[in-house]
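Structure file my_file26.pdb (PDB, C-alpha atoms) follows.
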MODEL        1
ATOM      1  CA  GLY A   1     -48.887 165.761-132.063
ATOM      2  CA  ALA A   2     -50.830 163.005-133.823
ATOM      3  CA  PHE A   3     -49.193 162.789-137.257
ATOM      4  CA  GLY A   4     -46.007 164.851-137.078
ATOM      5  CA  ASP A   5     -45.049 168.226-138.557
ATOM      6  CA  PRO A   6     -44.491 167.974-142.355
ATOM      7  CA  ALA A   7     -41.894 170.763-142.279
ATOM      8  CA  ARG A   8     -39.973 169.053-139.495
ATOM      9  CA  ILE A   9     -40.126 165.694-141.302
ATOM     10  CA  ALA A  10     -38.825 167.265-144.531
ATOM     11  CA  ALA A  11     -35.995 169.024-142.670
ATOM     12  CA  ALA A  12     -35.029 165.796-140.921
ATOM     13  CA  VAL A  13     -34.966 163.859-144.190
ATOM     14  CA  ASN A  14     -32.834 166.524-145.834
ATOM     15  CA  SER A  15     -30.395 166.501-142.934
ATOM     16  CA  GLY A  16     -29.749 162.777-143.352
ATOM     17  CA  ASP A  17     -29.778 162.303-139.552
ATOM     18  CA  ALA A  18     -31.529 158.976-138.864
ATOM     19  CA  GLN A  19     -32.306 159.900-135.255
ATOM     20  CA  ALA A  20     -33.877 163.199-136.340
ATOM     21  CA  VAL A  21     -36.000 161.373-138.925
ATOM     22  CA  ARG A  22     -37.242 158.900-136.306
ATOM     23  CA  ARG A  23     -38.155 161.732-133.948
ATOM     24  CA  ALA A  24     -39.971 163.600-136.712
ATOM     25  CA  ILE A  25     -42.122 160.641-137.808
ATOM     26  CA  ASN A  26     -42.607 159.261-134.290
ATOM     27  CA  PRO A  27     -45.989 161.011-133.673
ATOM     28  CA  PHE A  28     -47.618 159.108-136.555
ATOM     29  CA  PHE A  29     -46.397 155.729-135.310
ATOM     30  CA  GLU A  30     -47.260 156.630-131.719
ATOM     31  CA  SER A  31     -50.863 157.189-132.849
ATOM     32  CA  LEU A  32     -50.882 153.648-134.249
ATOM     33  CA  VAL A  33     -49.490 152.371-130.944
ATOM     34  CA  ALA A  34     -52.327 154.137-129.105
ATOM     35  CA  ALA A  35     -54.908 152.759-131.553
ATOM     36  CA  THR A  36     -53.863 149.112-131.095
ATOM     37  CA  PRO A  37     -55.505 148.399-127.706
ATOM     38  CA  TYR A  38     -58.525 150.355-128.912
ATOM     39  CA  ILE A  39     -58.945 147.870-131.772
ATOM     40  CA  TYR A  40     -59.025 144.916-129.376
ATOM     41  CA  GLY A  41     -61.316 146.686-126.911
ATOM     42  CA  GLY A  42     -63.673 147.923-129.610
ATOM     43  CA  LEU A  43     -63.925 144.432-131.075
ATOM     44  CA  ALA A  44     -64.733 143.059-127.613
ATOM     45  CA  VAL A  45     -67.661 145.433-127.122
ATOM     46  CA  ALA A  46     -68.831 145.106-130.748
ATOM     47  CA  LEU A  47     -68.972 141.319-130.576
ATOM     48  CA  GLY A  48     -71.013 141.583-127.391
ATOM     49  CA  PHE A  49     -73.404 143.999-129.085
ATOM     50  CA  ARG A  50     -73.837 141.555-131.979
ATOM     51  CA  ALA A  51     -74.904 138.915-129.444
ATOM     52  CA  GLY A  52     -77.333 141.317-127.762
ATOM     53  CA  LEU A  53     -75.042 141.810-124.749
ATOM     54  CA  PHE A  54     -73.712 145.067-123.296
ATOM     55  CA  ASN A  55     -70.206 144.281-122.096
ATOM     56  CA  ILE A  56     -69.230 147.159-119.780
ATOM     57  CA  GLY A  57     -66.462 145.012-118.293
ATOM     58  CA  VAL A  58     -63.748 145.354-120.949
ATOM     59  CA  GLU A  59     -61.619 147.465-118.590
ATOM     60  CA  GLY A  60     -61.662 144.686-115.973
ATOM     61  CA  GLN A  61     -61.066 141.996-118.596
ATOM     62  CA  LEU A  62     -58.173 144.103-119.867
ATOM     63  CA  PHE A  63     -56.616 144.158-116.376
ATOM     64  CA  VAL A  64     -57.039 140.414-115.790
ATOM     65  CA  GLY A  65     -55.674 139.603-119.245
ATOM     66  CA  ALA A  66     -52.674 141.848-118.586
ATOM     67  CA  LEU A  67     -52.062 140.138-115.230
ATOM     68  CA  ALA A  68     -52.157 136.677-116.816
ATOM     69  CA  GLY A  69     -49.965 137.732-119.737
ATOM     70  CA  THR A  70     -47.474 139.458-117.436
ATOM     71  CA  PHE A  71     -47.159 136.406-115.194
ATOM     72  CA  VAL A  72     -46.494 134.061-118.119
ATOM     73  CA  GLY A  73     -44.192 136.663-119.663
ATOM     74  CA  TYR A  74     -41.806 136.910-116.715
ATOM     75  CA  SER A  75     -42.183 133.545-114.972
ATOM     76  CA  LEU A  76     -41.393 131.230-117.898
ATOM     77  CA  THR A  77     -37.708 131.285-118.767
ATOM     78  CA  GLY A  78     -35.558 129.596-121.391
ATOM     79  CA  LEU A  79     -38.273 129.443-124.049
ATOM     80  CA  PRO A  80     -37.736 130.610-127.642
ATOM     81  CA  LEU A  81     -39.782 133.576-128.836
ATOM     82  CA  ILE A  82     -41.816 131.438-131.237
ATOM     83  CA  ILE A  83     -43.218 129.528-128.217
ATOM     84  CA  HIS A  84     -43.097 132.080-125.392
ATOM     85  CA  LEU A  85     -44.769 134.965-127.222
ATOM     86  CA  PRO A  86     -47.856 132.973-128.375
ATOM     87  CA  LEU A  87     -48.167 131.460-124.885
ATOM     88  CA  THR A  88     -48.159 134.937-123.357
ATOM     89  CA  ILE A  89     -50.827 136.177-125.759
ATOM     90  CA  LEU A  90     -52.962 133.074-125.179
ATOM     91  CA  ALA A  91     -52.612 133.479-121.401
ATOM     92  CA  GLY A  92     -53.864 137.063-121.662
ATOM     93  CA  ALA A  93     -56.777 135.984-123.848
ATOM     94  CA  ALA A  94     -57.618 133.151-121.428
ATOM     95  CA  GLY A  95     -57.572 135.511-118.443
ATOM     96  CA  GLY A  96     -59.940 137.925-120.166
ATOM     97  CA  ALA A  97     -62.151 135.050-121.353
ATOM     98  CA  LEU A  98     -62.503 133.758-117.789
ATOM     99  CA  TRP A  99     -63.468 137.239-116.586
ATOM    100  CA  GLY A 100     -66.053 137.511-119.373
ATOM    101  CA  LEU A 101     -67.359 133.992-118.878
ATOM    102  CA  ILE A 102     -68.510 134.747-115.313
ATOM    103  CA  PRO A 103     -71.149 137.394-116.199
ATOM    104  CA  GLY A 104     -72.041 135.410-119.323
ATOM    105  CA  PHE A 105     -72.806 132.328-117.234
ATOM    106  CA  LEU A 106     -74.797 134.348-114.684
ATOM    107  CA  LYS A 107     -76.777 136.008-117.489
ATOM    108  CA  ALA A 108     -77.535 132.712-119.217
ATOM    109  CA  LYS A 109     -78.381 130.675-116.127
ATOM    110  CA  VAL A 110     -80.151 133.049-113.746
ATOM    111  CA  GLY A 111     -80.847 136.123-115.880
ATOM    112  CA  ALA A 112     -78.480 138.390-113.925
ATOM    113  CA  HIS A 113     -77.954 141.531-116.007
ATOM    114  CA  GLU A 114     -74.517 141.637-117.630
ATOM    115  CA  VAL A 115     -74.199 145.420-117.220
ATOM    116  CA  ILE A 116     -74.384 145.208-113.422
ATOM    117  CA  ASN A 117     -72.152 142.135-113.184
ATOM    118  CA  THR A 118     -69.462 143.418-115.537
ATOM    119  CA  ILE A 119     -69.307 146.766-113.714
ATOM    120  CA  MET A 120     -68.878 144.972-110.383
ATOM    121  CA  LEU A 121     -66.256 142.630-111.867
ATOM    122  CA  ASN A 122     -64.329 145.697-113.056
ATOM    123  CA  TYR A 123     -63.778 146.767-109.468
ATOM    124  CA  ILE A 124     -62.864 143.242-108.396
ATOM    125  CA  ALA A 125     -60.281 143.186-111.199
ATOM    126  CA  PHE A 126     -58.854 146.558-110.116
ATOM    127  CA  ARG A 127     -58.489 145.447-106.489
ATOM    128  CA  LEU A 128     -57.129 142.038-107.529
ATOM    129  CA  SER A 129     -54.516 143.865-109.585
ATOM    130  CA  ASP A 130     -53.615 146.096-106.625
ATOM    131  CA  TRP A 131     -53.195 143.092-104.324
ATOM    132  CA  LEU A 132     -51.103 141.060-106.758
ATOM    133  CA  LEU A 133     -48.811 143.982-107.631
ATOM    134  CA  ASN A 134     -48.306 144.731-103.940
ATOM    135  CA  GLY A 135     -47.762 141.074-103.075
ATOM    136  CA  PRO A 136     -47.212 137.901-105.130
ATOM    137  CA  MET A 137     -46.389 139.679-108.411
ATOM    138  CA  LYS A 138     -44.412 142.607-106.995
ATOM    139  CA  ARG A 139     -40.897 143.130-108.331
ATOM    140  CA  PRO A 140     -38.560 142.130-105.470
ATOM    141  CA  GLU A 141     -36.131 145.047-105.803
ATOM    142  CA  SER A 142     -38.831 147.730-106.223
ATOM    143  CA  PHE A 143     -40.636 149.786-103.585
ATOM    144  CA  ASN A 144     -43.386 150.576-106.093
ATOM    145  CA  PRO A 145     -46.323 148.251-106.895
ATOM    146  CA  VAL A 146     -44.973 147.011-110.219
ATOM    147  CA  SER A 147     -44.393 143.557-111.701
ATOM    148  CA  PRO A 148     -41.029 142.178-112.855
ATOM    149  CA  PHE A 149     -40.070 142.862-116.468
ATOM    150  CA  ILE A 150     -41.172 140.190-118.934
ATOM    151  CA  GLN A 151     -38.578 138.065-120.721
ATOM    152  CA  ASP A 152     -37.247 139.251-124.085
ATOM    153  CA  SER A 153     -38.774 136.134-125.629
ATOM    154  CA  ALA A 154     -42.259 137.384-124.652
ATOM    155  CA  LYS A 155     -41.913 140.828-126.253
ATOM    156  CA  LEU A 156     -43.565 141.808-129.512
ATOM    157  CA  PRO A 157     -40.946 142.775-132.119
ATOM    158  CA  ARG A 158     -40.450 146.475-132.805
ATOM    159  CA  PHE A 159     -39.688 147.760-136.290
ATOM    160  CA  PHE A 160     -37.608 150.841-135.523
ATOM    161  CA  ASP A 161     -35.050 152.074-133.021
ATOM    162  CA  SER A 162     -35.809 154.523-130.199
ATOM    163  CA  PRO A 163     -37.860 156.648-129.777
ATOM    164  CA  ILE A 164     -40.369 154.875-132.066
ATOM    165  CA  ARG A 165     -42.326 152.227-130.140
ATOM    166  CA  PHE A 166     -44.341 150.876-133.093
ATOM    167  CA  HIS A 167     -44.571 147.087-132.785
ATOM    168  CA  ALA A 168     -46.028 143.997-134.420
ATOM    169  CA  GLY A 169     -49.088 144.133-132.180
ATOM    170  CA  PHE A 170     -50.740 146.589-134.567
ATOM    171  CA  PHE A 171     -50.703 144.076-137.420
ATOM    172  CA  LEU A 172     -51.809 141.312-135.043
ATOM    173  CA  ALA A 173     -54.775 143.494-134.045
ATOM    174  CA  LEU A 174     -55.698 143.954-137.719
ATOM    175  CA  LEU A 175     -55.514 140.177-138.201
ATOM    176  CA  VAL A 176     -57.762 139.629-135.182
ATOM    177  CA  ALA A 177     -60.235 142.176-136.577
ATOM    178  CA  TRP A 178     -60.342 140.219-139.844
ATOM    179  CA  LEU A 179     -60.824 136.954-137.938
ATOM    180  CA  VAL A 180     -63.720 138.455-135.941
ATOM    181  CA  TRP A 181     -65.317 139.652-139.201
ATOM    182  CA  TRP A 182     -64.851 136.208-140.753
ATOM    183  CA  PHE A 183     -66.310 134.526-137.655
ATOM    184  CA  LEU A 184     -69.333 136.826-137.452
ATOM    185  CA  PHE A 185     -70.254 137.045-141.139
ATOM    186  CA  ARG A 186     -68.787 133.974-142.834
ATOM    187  CA  THR A 187     -69.424 131.083-140.420
ATOM    188  CA  ARG A 188     -72.479 129.293-139.123
ATOM    189  CA  TRP A 189     -71.388 129.971-135.534
ATOM    190  CA  GLY A 190     -71.272 133.682-136.222
ATOM    191  CA  PHE A 191     -74.721 133.527-137.785
ATOM    192  CA  ASP A 192     -76.050 131.736-134.701
ATOM    193  CA  LEU A 193     -74.456 134.334-132.424
ATOM    194  CA  ARG A 194     -75.936 137.236-134.407
ATOM    195  CA  THR A 195     -79.332 135.540-134.534
ATOM    196  CA  VAL A 196     -79.368 135.081-130.759
ATOM    197  CA  GLY A 197     -78.523 138.767-130.407
ATOM    198  CA  ALA A 198     -81.113 139.952-132.930
ATOM    199  CA  ASN A 199     -84.032 137.808-131.761
ATOM    200  CA  PRO A 200     -83.485 135.240-128.988
ATOM    201  CA  HIS A 201     -87.054 133.938-129.287
ATOM    202  CA  ALA A 202     -86.648 133.148-132.980
ATOM    203  CA  ALA A 203     -83.226 131.660-132.292
ATOM    204  CA  ARG A 204     -84.666 129.365-129.624
ATOM    205  CA  TYR A 205     -87.486 128.346-131.987
ATOM    206  CA  ALA A 206     -84.848 127.494-134.629
ATOM    207  CA  GLY A 207     -83.070 125.192-132.178
ATOM    208  CA  MET A 208     -80.174 127.469-131.221
ATOM    209  CA  SER A 209     -78.944 127.317-127.635
ATOM    210  CA  ILE A 210     -79.372 130.747-126.019
ATOM    211  CA  VAL A 211     -77.400 129.657-122.948
ATOM    212  CA  VAL A 212     -74.408 128.370-124.917
ATOM    213  CA  TRP A 213     -74.155 131.397-127.190
ATOM    214  CA  THR A 214     -74.610 133.897-124.376
ATOM    215  CA  VAL A 215     -71.747 132.317-122.433
ATOM    216  CA  MET A 216     -69.605 131.919-125.559
ATOM    217  CA  ALA A 217     -70.160 135.513-126.697
ATOM    218  CA  MET A 218     -69.133 136.948-123.327
ATOM    219  CA  ALA A 219     -66.108 134.641-123.149
ATOM    220  CA  ILE A 220     -64.907 135.615-126.644
ATOM    221  CA  SER A 221     -65.565 139.266-125.872
ATOM    222  CA  GLY A 222     -63.560 138.912-122.669
ATOM    223  CA  ALA A 223     -60.703 137.229-124.545
ATOM    224  CA  LEU A 224     -60.482 140.203-126.905
ATOM    225  CA  GLY A 225     -60.463 142.550-123.914
ATOM    226  CA  GLY A 226     -57.704 140.480-122.307
ATOM    227  CA  MET A 227     -55.634 140.744-125.483
ATOM    228  CA  ALA A 228     -55.910 144.539-125.274
ATOM    229  CA  GLY A 229     -54.228 144.482-121.866
ATOM    230  CA  THR A 230     -51.636 141.905-122.865
ATOM    231  CA  ASN A 231     -50.749 144.000-125.913
ATOM    232  CA  GLU A 232     -49.784 146.928-123.679
ATOM    233  CA  VAL A 233     -47.573 144.692-121.543
ATOM    234  CA  ILE A 234     -45.726 142.803-124.280
ATOM    235  CA  GLY A 235     -45.625 145.594-126.841
ATOM    236  CA  VAL A 236     -45.214 148.857-124.930
ATOM    237  CA  ASN A 237     -44.510 148.712-121.186
ATOM    238  CA  TYR A 238     -42.848 145.277-120.728
ATOM    239  CA  ASN A 239     -44.227 145.158-117.176
ATOM    240  CA  MET A 240     -47.458 145.932-115.370
ATOM    241  CA  ALA A 241     -48.033 148.706-112.859
ATOM    242  CA  MET A 242     -51.111 149.773-110.928
ATOM    243  CA  ALA A 243     -53.695 151.672-112.990
ATOM    244  CA  PHE A 244     -51.688 151.040-116.170
ATOM    245  CA  SER A 245     -54.778 151.527-118.371
ATOM    246  CA  SER A 246     -56.213 155.016-118.623
ATOM    247  CA  GLY A 247     -59.709 154.041-119.691
ATOM    248  CA  TYR A 248     -59.108 151.974-122.838
ATOM    249  CA  GLY A 249     -61.901 149.593-121.870
ATOM    250  CA  PHE A 250     -64.454 152.333-121.262
ATOM    251  CA  ASP A 251     -63.532 154.215-124.464
ATOM    252  CA  SER A 252     -64.095 150.953-126.334
ATOM    253  CA  ILE A 253     -67.848 151.258-125.803
ATOM    254  CA  ALA A 254     -67.836 154.479-127.813
ATOM    255  CA  LEU A 255     -65.621 152.862-130.457
ATOM    256  CA  ALA A 256     -68.032 149.978-130.968
ATOM    257  CA  LEU A 257     -70.976 152.368-131.292
ATOM    258  CA  LEU A 258     -69.059 154.632-133.660
ATOM    259  CA  GLY A 259     -68.003 151.626-135.760
ATOM    260  CA  ASN A 260     -71.593 150.320-135.929
ATOM    261  CA  SER A 261     -70.456 147.122-134.168
ATOM    262  CA  HIS A 262     -68.646 146.063-137.346
ATOM    263  CA  PRO A 263     -64.979 144.969-137.120
ATOM    264  CA  PHE A 264     -63.838 147.215-139.976
ATOM    265  CA  GLY A 265     -65.745 150.162-138.550
ATOM    266  CA  VAL A 266     -64.107 149.501-135.184
ATOM    267  CA  VAL A 267     -60.643 149.614-136.797
ATOM    268  CA  LEU A 268     -61.375 152.989-138.396
ATOM    269  CA  SER A 269     -62.823 154.497-135.226
ATOM    270  CA  SER A 270     -59.851 153.129-133.250
ATOM    271  CA  LEU A 271     -57.442 154.912-135.597
ATOM    272  CA  LEU A 272     -59.413 158.140-135.037
ATOM    273  CA  PHE A 273     -59.410 157.804-131.244
ATOM    274  CA  GLY A 274     -55.742 156.768-131.222
ATOM    275  CA  ALA A 275     -54.784 159.902-133.159
ATOM    276  CA  LEU A 276     -56.885 162.106-130.890
ATOM    277  CA  ARG A 277     -55.458 160.530-127.751
ATOM    278  CA  ASN A 278     -51.862 160.787-128.931
ATOM    279  CA  GLY A 279     -52.183 164.347-130.227
ATOM    280  CA  ALA A 280     -53.856 165.624-127.078
ATOM    281  CA  THR A 281     -50.711 165.743-124.947
ATOM    282  CA  ARG A 282     -48.672 167.868-127.341
ATOM    283  CA  MET A 283     -51.701 170.063-127.977
ATOM    284  CA  GLN A 284     -51.902 170.832-124.275
ATOM    285  CA  VAL A 285     -48.156 171.466-123.906
ATOM    286  CA  VAL A 286     -47.623 173.562-127.048
ATOM    287  CA  ALA A 287     -50.987 175.194-127.750
ATOM    288  CA  VAL A 288     -52.100 175.323-124.062
ATOM    289  CA  ILE A 289     -55.475 173.827-125.017
ATOM    290  CA  PRO A 290     -56.849 171.658-122.177
ATOM    291  CA  ILE A 291     -56.594 167.938-122.878
ATOM    292  CA  ASP A 292     -60.264 167.569-121.863
ATOM    293  CA  ILE A 293     -61.308 169.089-125.206
ATOM    294  CA  ILE A 294     -60.472 165.708-126.749
ATOM    295  CA  SER A 295     -63.042 163.957-124.553
ATOM    296  CA  ILE A 296     -65.592 166.595-125.536
ATOM    297  CA  LEU A 297     -64.711 166.147-129.215
ATOM    298  CA  GLN A 298     -65.054 162.358-128.948
ATOM    299  CA  ALA A 299     -68.439 162.755-127.289
ATOM    300  CA  LEU A 300     -69.653 165.188-129.965
ATOM    301  CA  ILE A 301     -68.497 162.870-132.777
ATOM    302  CA  LEU A 302     -70.332 159.959-131.174
ATOM    303  CA  MET A 303     -73.455 162.028-130.538
ATOM    304  CA  PHE A 304     -73.730 163.365-134.103
ATOM    305  CA  ILE A 305     -72.876 160.069-135.808
TER     306      ILE A 305
ENDMDL
END
Using the file provided, produce a representation of the structure as structure tokens.
Amino acid sequence: GAFGDPARIAAAVNSGDAQAVRRAINPFFESLVAATPYIYGGLAVALGFRAGLFNIGVEGQLFVGALAGTFVGYSLTGLPLIIHLPLTILAGAAGGALWGLIPGFLKAKVGAHEVINTIMLNYIAFRLSDWLLNGPMKRPESFNPVSPFIQDSAKLPRFFDSPIRFHAGFFLALLVAWLVWWFLFRTRWGFDLRTVGANPHAARYAGMSIVVWTVMAMAISGALGGMAGTNEVIGVNYNMAMAFSSGYGFDSIALALLGNSHPFGVVLSSLLFGALRNGATRMQVVAVIPIDIISILQALILMFI
């Protein structure tokens, strides 16, 4: 279910049937598709941890980023892909950044705890999504709460024909992970952010602005969360429906902890969780093992690590 059956892959290759080969190797690529939003979400939580902030709001930032990316994806027409696709990604990142900036500002200015504020903003994001998909962003010809399809120029390129859904978003996520690592460990700004997270009193004594870096950290974290949602719209679904995320943002907390809040560790833990998530469905159908065992397994891995 997660990587494909070697015997089936070998038989498909020997048969020379391209469609059979794609079906045989599809589970492996589908695991990478499932891991992609995990990479963004895990990076969002990890960056917050590095700044001494507990961002529980990635799920809400994911929804707002997806809403912003979806709107830009279907409302702008006549643009070439080289312009429309980056605009859509930036819109998603901006939406998530705005949703992260709010609790960051409240934390920095009045000391309001980011855990409480991000949890509450999650529910505001969910209800905002429900309202928009039942009203201003609802597809005119549909009775269901779903957005219009995005333009072809806003879609991430796919590398194979059906049924493989593997797309360029995976490599973009790896690039973003490298950029986050470079920012955190190879720039002065990253050093300031980590210093504020490790010891705010020493950072203040050294002349670093606690307020600025608290707001900036939550905004950047939110932008990464927004990119997770936008990735699902422009790479997988091509539209947005109610409750389109099944807990990516909440799983990201475990990913960041498992990856030791390091970008490369987050990538590895995302690949693990993506494989587990993708393999769970076939496991339940074929082996009749309840899908909940995956959640238990994830919890045990996290607990023992």
**Report entry** Sphere at (-40.3, 159.4, -137.5), radius 10 Å, counting all atoms listed in the file: residues as a PyMOL selection string
**Finding:** chain A and resi 3-4+8-9+12-13+18-30+160+162-164
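For the file shown, the residue list from the PyMOL selection byres ((chain A and resi 33-50) around 6) reads Glu30, Ser31, Leu32, Ala51, Gly52, Leu53, Phe54, Asn55, Phe166, Phe170, Arg194, Gly197, Ser221, Leu224, Gly225, Ala228, Gly249, Ser252, Ile253, Leu255, Ala256, Ser261, Val266, Val267, Ser270, Leu271 and Gly274 of chain A.
Note that CA of Ala66 (chain A) and CA of Leu156 (chain A) are 14.2 Å apart.
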Query raised in the report: Just how far from CA of Leu175 (chain A) is CA of Ser147 (chain A), in Å to one decimal?
Result: 28.9 Å
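Against this structure, the PyMOL selection byres ((chain A and resi 99-107) around 6) ends up with Gln61, Gly96, Ala97, Leu98, Ala108, Lys109, Val110, Gly111, Ala112, His113, Glu114, Asn117, Thr214, Val215, Met218, Ala219 and Gly222 of chain A.
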